[in-house]
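What's in entry.cif: mmCIF, C-alpha atoms
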```cif
data_query
loop_
_atom_site.label_atom_id
_atom_site.label_comp_id
_atom_site.auth_asym_id
_atom_site.auth_seq_id
_atom_site.Cartn_x
_atom_site.Cartn_y
_atom_site.Cartn_z
CA MET A 1489 -0.70 40.66 -18.32
CA ALA A 1490 -2.45 39.07 -15.35
CA LYS A 1491 -2.14 38.86 -11.59
CA ILE A 1492 -1.33 35.31 -10.52
CA LEU A 1493 -1.36 34.17 -6.89
CA ILE A 1494 0.58 31.03 -5.94
CA VAL A 1495 -0.39 29.44 -2.62
CA ASP A 1496 1.74 26.67 -1.13
CA ASP A 1497 3.42 26.10 2.23
CA SER A 1498 6.55 24.90 0.45
CA ILE A 1499 8.89 27.52 -0.99
CA VAL A 1500 10.18 24.88 -3.41
CA ALA A 1501 6.65 24.16 -4.63
CA ARG A 1502 6.09 27.88 -5.22
CA MET A 1503 9.42 28.11 -7.03
CA SER A 1504 8.42 25.13 -9.16
CA VAL A 1505 5.16 26.77 -10.25
CA LYS A 1506 6.92 30.05 -11.00
CA GLY A 1507 9.47 28.14 -13.05
CA CYS A 1508 6.66 26.69 -15.17
CA LEU A 1509 4.92 29.99 -15.92
CA PRO A 1510 5.64 31.89 -19.15
CA LYS A 1511 8.32 34.53 -18.61
CA ASN A 1512 7.47 36.79 -21.54
CA GLN A 1513 3.88 37.71 -20.84
CA GLY A 1514 4.46 40.24 -18.09
CA HIS A 1515 2.35 38.48 -15.47
CA GLU A 1516 2.56 39.81 -11.93
CA LEU A 1517 3.26 36.97 -9.51
CA PHE A 1518 2.28 36.93 -5.84
CA GLU A 1519 2.93 34.22 -3.24
CA ALA A 1520 1.34 33.06 -0.01
CA GLY A 1521 2.77 30.41 2.32
CA ASP A 1522 -0.41 29.40 4.15
CA GLY A 1523 -4.17 29.51 3.87
CA THR A 1524 -4.73 32.58 6.02
CA LYS A 1525 -2.15 34.62 4.09
CA ALA A 1526 -3.69 33.33 0.86
CA ILE A 1527 -7.06 34.83 1.77
CA GLU A 1528 -5.49 38.10 2.92
CA MET A 1529 -3.51 38.36 -0.29
CA PHE A 1530 -6.46 37.38 -2.44
CA LEU A 1531 -8.54 40.17 -0.89
CA ALA A 1532 -5.70 42.67 -1.33
CA ILE A 1533 -4.74 41.96 -4.94
CA ARG A 1534 -7.81 40.18 -6.41
CA PRO A 1535 -5.77 37.86 -8.67
CA ASP A 1536 -7.01 36.79 -12.08
CA VAL A 1537 -5.85 33.23 -11.46
CA THR A 1538 -4.84 31.43 -8.24
CA PHE A 1539 -2.77 28.23 -8.00
CA LEU A 1540 -3.74 26.59 -4.70
CA ASP A 1541 -2.10 23.69 -2.87
CA LEU A 1542 -4.33 21.46 -0.73
CA THR A 1543 -2.11 19.84 1.91
CA MET A 1544 -1.12 22.75 4.11
CA PRO A 1545 -0.92 23.09 7.89
CA ASP A 1546 -3.69 24.96 9.74
CA MET A 1547 -6.10 26.08 7.04
CA ASN A 1548 -5.93 23.56 4.20
CA GLY A 1549 -6.52 24.26 0.52
CA LEU A 1550 -10.09 22.94 0.45
CA GLU A 1551 -11.00 25.32 3.27
CA VAL A 1552 -9.39 28.21 1.42
CA LEU A 1553 -11.19 27.22 -1.78
CA ALA A 1554 -14.56 27.04 -0.01
CA TYR A 1555 -13.99 30.40 1.68
CA LEU A 1556 -12.98 32.20 -1.50
CA LYS A 1557 -15.63 30.69 -3.77
CA LYS A 1558 -18.34 31.60 -1.27
CA ASP A 1559 -17.53 35.30 -1.43
CA PHE A 1560 -16.01 35.33 -4.92
CA PRO A 1561 -17.86 32.77 -7.05
CA ASP A 1562 -16.07 34.00 -10.18
CA ALA A 1563 -12.61 33.42 -8.71
CA VAL A 1564 -10.55 31.23 -11.04
CA ILE A 1565 -8.68 28.79 -8.81
CA ILE A 1566 -6.50 25.97 -10.10
CA ILE A 1567 -5.79 23.25 -7.54
CA LEU A 1568 -2.22 22.02 -7.69
CA SER A 1569 -1.89 19.11 -5.32
CA ALA A 1570 -0.11 15.89 -4.48
CA ASP A 1571 -3.39 14.52 -3.15
CA ILE A 1572 -4.63 12.76 -6.25
CA GLN A 1573 -7.42 10.70 -4.69
CA LYS A 1574 -10.66 10.67 -6.67
CA GLN A 1575 -12.61 11.95 -3.67
CA THR A 1576 -10.28 14.93 -3.33
CA GLN A 1577 -10.76 15.79 -7.00
CA GLU A 1578 -14.53 15.48 -6.59
CA LYS A 1579 -14.53 17.71 -3.50
CA SER A 1580 -12.42 20.30 -5.29
CA GLN A 1581 -14.80 20.30 -8.25
CA GLN A 1582 -17.85 20.56 -5.98
CA LEU A 1583 -16.30 23.56 -4.27
CA GLY A 1584 -15.79 25.27 -7.60
CA ALA A 1585 -12.16 24.70 -8.56
CA PHE A 1586 -11.44 25.64 -12.15
CA SER A 1587 -9.27 22.56 -12.62
CA ILE A 1588 -7.10 20.12 -10.70
CA VAL A 1589 -3.47 19.59 -11.63
CA ARG A 1590 -1.32 16.95 -9.99
CA LYS A 1591 2.13 17.64 -8.57
CA PRO A 1592 4.90 17.83 -9.52
CA PRO A 1593 4.12 20.72 -11.86
CA VAL A 1594 4.99 20.20 -15.51
CA LYS A 1595 5.58 23.28 -17.64
CA ASP A 1596 3.33 22.31 -20.58
CA VAL A 1597 0.45 21.34 -18.29
CA ILE A 1598 0.71 24.47 -16.14
CA GLN A 1599 0.88 26.77 -19.16
CA ALA A 1600 -2.07 25.05 -20.87
CA GLU A 1601 -4.20 25.36 -17.71
CA LEU A 1602 -3.16 28.96 -17.24
CA THR A 1603 -4.13 29.83 -20.82
CA LYS A 1604 -7.59 28.31 -20.33
CA ALA A 1605 -7.97 29.96 -16.92
CA LEU A 1606 -7.02 33.41 -18.24
CA VAL A 1607 -9.70 33.13 -20.93
CA VAL A 1608 -12.33 32.35 -18.28
CA ALA A 1609 -10.99 35.12 -16.03
CA GLY A 1610 -11.22 37.54 -18.95
CA ALA A 1611 -7.55 38.32 -18.66
CA ALA A 1612 -6.28 36.54 -21.77
CA LEU A 1613 -3.66 38.31 -23.83
CA MET B 1278 13.06 18.76 17.15
CA ASN B 1279 16.13 18.49 19.39
CA GLY B 1280 19.16 16.53 18.29
CA GLN B 1281 18.86 17.52 14.66
CA VAL B 1282 21.96 17.37 12.51
CA GLN B 1283 22.53 20.31 10.15
CA LEU B 1284 23.66 18.58 6.97
CA MET B 1285 21.09 19.99 4.59
CA THR B 1286 20.20 23.54 3.74
CA ALA B 1287 16.69 24.85 4.42
CA LEU B 1288 15.98 24.80 0.67
CA GLU B 1289 17.12 21.17 0.34
CA LYS B 1290 14.91 20.16 3.27
CA ASP B 1291 11.96 22.01 1.79
CA ALA B 1292 12.53 20.31 -1.57
CA LEU B 1293 12.70 16.92 0.12
CA GLN B 1294 9.53 17.69 2.04
CA GLU B 1295 7.75 18.59 -1.20
CA ILE B 1296 8.99 15.37 -2.84
CA MET B 1297 7.70 13.44 0.17
CA ASN B 1298 4.39 15.25 -0.07
CA ILE B 1299 4.01 14.17 -3.70
CA SER B 1300 5.05 10.63 -2.84
CA PHE B 1301 2.68 10.27 0.11
CA GLY B 1302 -0.06 11.63 -2.11
CA GLN B 1303 0.62 8.82 -4.58
CA ALA B 1304 0.58 6.27 -1.74
CA ALA B 1305 -2.73 7.61 -0.42
CA ALA B 1306 -4.31 7.47 -3.86
CA ASP B 1307 -3.15 3.89 -4.41
CA LEU B 1308 -4.46 2.77 -1.01
CA SER B 1309 -7.70 4.70 -1.43
CA ASP B 1310 -8.31 2.79 -4.67
CA VAL B 1311 -7.78 -0.55 -2.92
CA ILE B 1312 -9.96 0.00 0.15
CA ASP B 1313 -12.35 2.60 -1.25
CA GLN B 1314 -11.76 4.94 1.67
CA TYR B 1315 -10.82 8.60 1.67
CA LEU B 1316 -7.51 9.33 3.39
CA THR B 1317 -6.24 12.60 4.72
CA LEU B 1318 -2.52 13.17 5.12
CA THR B 1319 -0.55 15.54 7.30
CA VAL B 1320 2.24 17.66 5.89
CA PRO B 1321 5.29 15.37 6.06
CA GLN B 1322 7.95 16.18 8.63
CA ILE B 1323 11.62 15.73 7.90
CA ALA B 1324 14.60 15.80 10.22
CA LEU B 1325 18.20 14.70 10.17
CA LEU B 1326 18.78 12.98 13.47
CA ASP B 1327 21.40 11.15 15.39
CA TYR B 1328 20.72 7.48 14.72
CA ARG B 1329 20.21 6.61 18.38
CA GLU B 1330 17.51 9.25 18.74
CA ILE B 1331 15.23 7.74 16.13
CA PHE B 1332 13.76 5.21 18.54
CA GLN B 1333 12.99 7.94 21.07
CA PHE B 1334 11.40 10.09 18.38
CA ILE B 1335 9.13 7.31 17.19
CA LYS B 1336 8.25 6.44 20.78
CA ASN B 1337 7.30 10.05 21.46
CA GLU B 1338 5.14 10.24 18.37
CA ILE B 1339 2.92 7.26 19.02
CA SER B 1340 1.00 6.04 22.01
CA VAL B 1341 2.92 3.02 23.17
CA GLY B 1342 0.55 0.31 24.31
CA ASN B 1343 0.36 -3.43 24.06
CA ASP B 1344 -1.89 -3.36 21.04
CA MET B 1345 0.39 -2.08 18.31
CA SER B 1346 1.26 -3.49 14.95
CA MET B 1347 4.29 -2.64 12.87
CA VAL B 1348 5.50 -3.56 9.40
CA LYS B 1349 9.11 -2.94 8.47
CA GLN B 1350 10.65 -3.17 5.04
CA PHE B 1351 14.09 -2.41 3.68
CA PHE B 1352 14.65 -0.69 0.36
CA SER B 1353 17.89 -0.38 -1.51
CA GLY B 1354 19.19 1.61 -4.40
CA ARG B 1355 21.09 4.84 -4.35
CA PHE B 1356 18.14 5.84 -2.15
CA SER B 1357 18.24 3.23 0.57
CA GLY B 1358 17.07 2.63 4.12
CA SER B 1359 14.11 1.20 5.94
CA SER B 1360 10.45 2.05 6.14
CA VAL B 1361 8.36 1.48 9.24
CA LEU B 1362 4.59 1.64 9.32
CA ILE B 1363 2.97 1.64 12.74
CA LEU B 1364 -0.67 1.39 13.62
CA PRO B 1365 -1.33 1.99 17.28
CA HIS B 1366 -4.18 0.63 19.40
CA GLY B 1367 -5.35 -2.27 17.35
CA GLU B 1368 -6.11 -0.25 14.25
CA GLY B 1369 -5.02 -3.23 12.23
CA LYS B 1370 -8.45 -4.67 13.01
CA LYS B 1371 -10.14 -1.62 11.49
CA LEU B 1372 -7.99 -1.96 8.40
CA LEU B 1373 -8.96 -5.61 8.11
CA GLN B 1374 -12.60 -4.57 8.34
CA MET B 1375 -12.13 -1.94 5.60
CA PHE B 1376 -10.19 -4.31 3.39
CA ASP B 1377 -12.84 -6.98 3.81
CA GLU B 1378 -15.72 -4.59 3.12
CA HIS B 1379 -14.08 -3.81 -0.17
CA THR B 1380 -13.02 -7.31 -1.17
CA GLY B 1381 -15.72 -9.27 0.69
CA THR B 1382 -13.60 -12.40 0.71
CA LEU B 1383 -11.80 -12.61 4.03
CA LYS B 1384 -14.56 -13.46 6.51
CA ASP B 1385 -15.51 -16.61 4.69
CA SER B 1386 -11.96 -17.73 4.06
CA GLY B 1387 -11.87 -19.89 7.19
CA CYS B 1388 -8.58 -18.33 8.25
CA ASP B 1389 -7.70 -17.33 11.78
CA MET B 1390 -8.56 -13.65 12.37
CA ALA B 1391 -5.14 -12.87 13.83
CA VAL B 1392 -3.48 -14.24 10.71
CA LEU B 1393 -5.85 -12.26 8.50
CA GLU B 1394 -5.15 -9.07 10.41
CA LYS B 1395 -1.44 -9.63 10.01
CA GLU B 1396 -1.73 -10.39 6.29
CA THR B 1397 -3.96 -7.35 5.74
CA LEU B 1398 -1.50 -5.09 7.49
CA ILE B 1399 1.39 -6.44 5.49
CA GLU B 1400 -0.50 -5.99 2.23
CA ILE B 1401 -1.65 -2.46 3.06
CA SER B 1402 1.80 -1.50 4.32
CA ASN B 1403 3.30 -2.87 1.15
CA ILE B 1404 1.00 -0.67 -0.94
CA ILE B 1405 1.73 2.47 1.10
CA MET B 1406 5.47 1.96 1.43
CA GLY B 1407 5.91 0.77 -2.15
CA ALA B 1408 4.00 3.68 -3.68
CA CYS B 1409 5.72 6.21 -1.50
CA ILE B 1410 9.29 5.01 -1.88
CA SER B 1411 8.95 4.23 -5.58
CA LYS B 1412 7.65 7.75 -6.23
CA ILE B 1413 10.49 9.36 -4.29
CA ALA B 1414 12.99 7.24 -6.21
CA GLU B 1415 11.32 8.10 -9.52
CA LEU B 1416 11.29 11.84 -8.81
CA LEU B 1417 14.96 11.68 -7.87
CA GLY B 1418 15.97 9.51 -10.81
CA ASP B 1419 16.58 6.22 -9.01
CA VAL B 1420 15.15 2.69 -8.95
CA VAL B 1421 14.92 0.77 -5.68
CA THR B 1422 14.43 -2.86 -4.76
CA TYR B 1423 12.62 -4.07 -1.67
CA SER B 1424 13.08 -6.78 0.90
CA PRO B 1425 9.91 -8.66 1.87
CA PRO B 1426 7.95 -6.76 4.53
CA ARG B 1427 8.18 -8.11 8.07
CA TYR B 1428 5.43 -7.94 10.63
CA PHE B 1429 5.94 -7.24 14.32
CA ALA B 1430 3.35 -7.12 17.07
CA GLN B 1431 3.14 -5.92 20.65
CA ASP B 1432 6.30 -6.50 22.65
CA GLN B 1433 8.39 -7.34 19.55
CA ILE B 1434 8.02 -3.75 18.36
CA HIS B 1435 10.09 -2.02 21.04
CA LYS B 1436 12.91 -4.50 20.77
CA THR B 1437 12.98 -4.34 16.98
CA LEU B 1438 12.95 -0.54 16.86
CA GLU B 1439 15.62 -0.29 19.52
CA GLU B 1440 17.86 -2.79 17.74
CA SER B 1441 17.21 -1.20 14.35
CA PHE B 1442 18.41 2.20 15.41
CA ALA B 1443 21.21 1.35 17.77
CA GLU B 1444 23.99 2.13 15.30
CA LYS B 1445 26.48 4.52 16.87
CA ASP B 1446 28.12 7.70 15.56
CA SER B 1447 25.85 8.07 12.62
CA PHE B 1448 22.72 9.93 11.61
CA ALA B 1449 19.53 9.16 9.82
CA ILE B 1450 17.12 11.05 7.65
CA TYR B 1451 13.77 10.78 9.36
CA PHE B 1452 10.48 11.28 7.51
CA LYS B 1453 7.11 11.06 9.17
CA THR B 1454 3.55 11.42 8.03
CA VAL B 1455 0.24 10.61 9.67
CA PHE B 1456 -2.53 9.21 7.51
CA HIS B 1457 -6.09 9.19 8.65
CA PHE B 1458 -8.93 7.04 7.30
CA GLN B 1459 -11.79 9.48 7.48
CA GLU B 1460 -14.77 7.15 7.70
CA PHE B 1461 -13.17 4.78 10.20
CA ASN B 1462 -11.37 7.23 12.44
CA ALA B 1463 -8.18 5.20 12.17
CA SER B 1464 -4.69 6.68 11.96
CA GLY B 1465 -1.25 5.35 11.20
CA PHE B 1466 2.33 6.57 11.06
CA LEU B 1467 4.83 6.06 8.30
CA PHE B 1468 8.51 6.61 9.03
CA LEU B 1469 11.31 6.32 6.50
CA ILE B 1470 14.81 6.13 7.88
CA CYS B 1471 17.50 6.53 5.25
CA ASP B 1472 21.06 5.34 5.43
CA PRO B 1473 23.62 8.11 5.90
CA SER B 1474 25.34 6.94 2.71
CA THR B 1475 22.28 8.25 0.89
CA LEU B 1476 22.90 11.86 1.85
CA GLU B 1477 25.40 12.91 -0.83
CA TRP B 1478 23.34 11.31 -3.58
CA LEU B 1479 20.20 12.85 -2.13
CA LYS B 1480 21.68 16.35 -2.13
CA LYS B 1481 22.81 16.00 -5.74
CA SER B 1482 19.44 14.58 -6.81
CA ILE B 1483 17.59 17.43 -5.11
CA GLU B 1484 19.80 19.88 -6.98
CA ASP B 1485 18.93 18.13 -10.26
CA TYR B 1486 15.23 18.10 -9.35
CA LEU B 1487 15.25 21.83 -8.65
CA SER B 1488 17.21 22.64 -11.80
CA GLN B 1489 14.25 21.70 -14.01
CA TYR B 1490 12.36 24.70 -12.63
CA THR B 1491 15.08 27.34 -12.94
#
```

Would you mind writing the structure in this file as structure tokens?
Amino acid sequence: MAKILIVDDSIVARMSVKGCLPKNQGHELFEAGDGTKAIEMFLAIRPDVTFLDLTMPDMNGLEVLAYLKKDFPDAVIIILSADIQKQTQEKSQQLGAFSIVRKPPVKDVIQAELTKALVVAGAAL
Amino acid sequence: MNGQVQLMTALEKDALQEIMNISFGQAAADLSDVIDQYLTLTVPQIALLDYREIFQFIKNEISVGNDMSMVKQFFSGRFSGSSVLILPHGEGKKLLQMFDEHTGTLKDSGCDMAVLEKETLIEISNIIMGACISKIAELLGDVVTYSPPRYFAQDQIHKTLEESFAEKDSFAIYFKTVFHFQEFNASGFLFLICDPSTLEWLKKSIEDYLSQYT
């Protein structure tokens, strides 16, 4: 059982990620609708794994990633984004993203990334 | 936005916005590959508007000057309408410069610069609009066909926009995003205006799209 934080300004995008996650592993799911709330929630719950969108109003995902990785270098953050430019992927990697997954989320891909991320986070079943 | 028509639920609009976000992301990646420039995109905005208000909305969004370029293209399928890409303040010239830096072929072609700027804009618009609309159609289970893109400059733009959206007693689905070429400080606007006949199909397709995650 792990704590998973889903950050996206779109409720549908958050629903989509939740719909892709395994239902039988007892994970606790948390949601944030913008970058500022994402940081607040991260500090409050200290998730094992975070799914983070990039294109968000105000504080974008790269800013959130940079902020969190600075104070929490071990944070396991999976970027889930529609921005699939090479430069964006490179920036995400440089900032310490665990992996980059393109939208729309696909169940097999999300579950495979989550499994790998939970191992790194030390929260694997 | 004033003048919005309430024909979609908040969840349907959010789903459509997310689909647009994915589609614009595809368009940005395709264009970034062609011109080797990093693009940033705003979160797409969506509204259902009275048809006659579209022109006013577009006018309010962009700085209207004499140095504007616009490419318009129709698409048809179950998802159908028109796409309009506008680059204010002569940014077509910057795009030509970017395109030429990447391809290195235009300056020595002997062609008139105005013609090259026009052709570059049409080509770049074609890439953006094609990637974006094709991705939306794909995500919603449709296939669209396109009319050839048409180029408009300066004073033709107002007249064309006004005529395009003069249809009475109807509404349009209005999508807008701003894309910004980071290294060149150039921005453009992409608007998609869908036919009202698209709405019922769109609502059903959104329902189908969402059902894969429930």

task = Tell me, in Å to one decimal, how far atom CA of B:Gln1303 is from atom CA of B:Ile1410.
result =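 Computed distance, atom CA of B:Gln1303 to atom CA of B:Ile1410, equals 9.8 Å.
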
I'd like to see the residues matched by the PyMOL selection byres ((chain A and resi 1589) around 6) on this file, and ideally I'd get them as a PDB file with C-alpha atoms, in the frame of the given file.
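Once written, selection_27.pdb looks like this:
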```pdb
ATOM      1  CA  ILE A1567      -5.790  23.250  -7.540  1.00  0.00           C
ATOM      2  CA  LEU A1568      -2.220  22.020  -7.690  1.00  0.00           C
ATOM      3  CA  ILE A1588      -7.100  20.120 -10.700  1.00  0.00           C
ATOM      4  CA  ARG A1590      -1.320  16.950  -9.990  1.00  0.00           C
TER       5      ARG A1590
END
```

task = Give me, as an NGL selection string, the contact residues of chain B against chain A at a cut-off of 6 Å, counting all atoms listed in the file.
result = :B and (1292 or 1299 or 1302 or 1306 or 1490-1491)

inquiry  = List the spatial neighbours of stretch 1602-1604 of chain A as a PyMOL selection string - criterion: any atom at most 12 Å away, only C-alpha atoms, same-chain residues fewer than 4 positions off excluded.
reply    = chain A and resi 1489-1493+1505-1506+1508-1510+1513+1515+1536-1539+1564-1568+1586-1589+1595-1598+1608-1613

message = Which residues would end up in the selection if the PyMOL selection byres ((chain B and resi 1349) around 8) were applied here, given that I need the answer as a list in words?
response = Met1347, Val1348, Gln1350, Phe1351, Ser1359, Ser1360, Val1361, Leu1362, Pro1426, Arg1427, Tyr1428 and Phe1429 of chain B

Given the file shown, determine the residues that the PyMOL selection byres ((chain B and resi 1293) around 12) selects; report them as a PDB file with C-alpha atoms, in the frame of the given file.
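Result written to expr_30.pdb:
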```
ATOM      1  CA  SER A1498       6.550  24.900   0.450  1.00  0.00           C
ATOM      2  CA  ILE A1499       8.890  27.520  -0.990  1.00  0.00           C
ATOM      3  CA  VAL A1500      10.180  24.880  -3.410  1.00  0.00           C
ATOM      4  CA  ALA A1501       6.650  24.160  -4.630  1.00  0.00           C
TER       5      ALA A1501
ATOM      6  CA  MET B1285      21.090  19.990   4.590  1.00  0.00           C
ATOM      7  CA  THR B1286      20.200  23.540   3.740  1.00  0.00           C
ATOM      8  CA  ALA B1287      16.690  24.850   4.420  1.00  0.00           C
ATOM      9  CA  LEU B1288      15.980  24.800   0.670  1.00  0.00           C
ATOM     10  CA  GLU B1289      17.120  21.170   0.340  1.00  0.00           C
ATOM     11  CA  LYS B1290      14.910  20.160   3.270  1.00  0.00           C
ATOM     12  CA  ASP B1291      11.960  22.010   1.790  1.00  0.00           C
ATOM     13  CA  ALA B1292      12.530  20.310  -1.570  1.00  0.00           C
ATOM     14  CA  GLN B1294       9.530  17.690   2.040  1.00  0.00           C
ATOM     15  CA  GLU B1295       7.750  18.590  -1.200  1.00  0.00           C
ATOM     16  CA  ILE B1296       8.990  15.370  -2.840  1.00  0.00           C
ATOM     17  CA  MET B1297       7.700  13.440   0.170  1.00  0.00           C
ATOM     18  CA  ASN B1298       4.390  15.250  -0.070  1.00  0.00           C
ATOM     19  CA  ILE B1299       4.010  14.170  -3.700  1.00  0.00           C
ATOM     20  CA  SER B1300       5.050  10.630  -2.840  1.00  0.00           C
ATOM     21  CA  VAL B1320       2.240  17.660   5.890  1.00  0.00           C
ATOM     22  CA  PRO B1321       5.290  15.370   6.060  1.00  0.00           C
ATOM     23  CA  GLN B1322       7.950  16.180   8.630  1.00  0.00           C
ATOM     24  CA  ILE B1323      11.620  15.730   7.900  1.00  0.00           C
ATOM     25  CA  ALA B1324      14.600  15.800  10.220  1.00  0.00           C
ATOM     26  CA  LEU B1325      18.200  14.700  10.170  1.00  0.00           C
ATOM     27  CA  ILE B1413      10.490   9.360  -4.290  1.00  0.00           C
ATOM     28  CA  ALA B1414      12.990   7.240  -6.210  1.00  0.00           C
ATOM     29  CA  LEU B1416      11.290  11.840  -8.810  1.00  0.00           C
ATOM     30  CA  LEU B1417      14.960  11.680  -7.870  1.00  0.00           C
ATOM     31  CA  ILE B1450      17.120  11.050   7.650  1.00  0.00           C
ATOM     32  CA  TYR B1451      13.770  10.780   9.360  1.00  0.00           C
ATOM     33  CA  PHE B1452      10.480  11.280   7.510  1.00  0.00           C
ATOM     34  CA  LEU B1476      22.900  11.860   1.850  1.00  0.00           C
ATOM     35  CA  LEU B1479      20.200  12.850  -2.130  1.00  0.00           C
ATOM     36  CA  LYS B1480      21.680  16.350  -2.130  1.00  0.00           C
ATOM     37  CA  LYS B1481      22.810  16.000  -5.740  1.00  0.00           C
ATOM     38  CA  SER B1482      19.440  14.580  -6.810  1.00  0.00           C
ATOM     39  CA  ILE B1483      17.590  17.430  -5.110  1.00  0.00           C
ATOM     40  CA  GLU B1484      19.800  19.880  -6.980  1.00  0.00           C
ATOM     41  CA  TYR B1486      15.230  18.100  -9.350  1.00  0.00           C
ATOM     42  CA  LEU B1487      15.250  21.830  -8.650  1.00  0.00           C
TER      43      LEU B1487
END
```

task = Find the residue from B:Val1421, B:Ile1405, B:Leu1326, B:Ile1312 that sits nearest to B:Leu1372; use all atoms listed in the file when measuring.
result = B:Ile1312

query = Which distance in Å separates atom CA of B:Asp1432 and atom CA of B:Phe1456, to one decimal?
reply =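 Separation between atom CA of B:Asp1432 and atom CA of B:Phe1456: 23.5 Å.
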
note = From the list B:Tyr1423, B:Phe1352, B:Tyr1328, B:Phe1468, the nearest residue to B:Phe1301 using only C-alpha atoms is B:Phe1468

ask   = Quick one: distance from atom CA of B:Ser1464 to atom CA of B:Ser1424 in Å, one decimal?
value =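 Taking atom CA of B:Ser1464 and atom CA of B:Ser1424, their separation equals 24.9 Å.
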
key: 12 Å contact set for A:Pro1561, all atoms listed in the file, chain neighbours under 5 positions out, as a ChimeraX atom specification   = /A:1553-1556,1583-1586,1609

ask   = Could you pull the residues within 9 Å of B:Lys1395, counting all atoms listed in the file, minus those fewer than 2 positions along the same chain, as a PyMOL selection string?
value = chain B and resi 1346+1369+1373+1390-1393+1397-1400+1428-1430

message = I need the residue nearest B:Asn1403 from this list: B:Phe1334, B:Gln1459, B:Ile1434, B:Leu1467. Use all atoms listed in the file for the distance.
response =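 That would be B:Leu1467, the residue with the smallest distance to B:Asn1403.
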
query = Between A:Arg1502, A:Asp1496, A:Asn1512, A:Leu1550, which has the minimum distance to A:Lys1525 (counting all atoms listed in the file)?
reply =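 Among A:Arg1502, A:Asp1496, A:Asn1512, A:Leu1550, it is A:Asp1496 that comes nearest to A:Lys1525.
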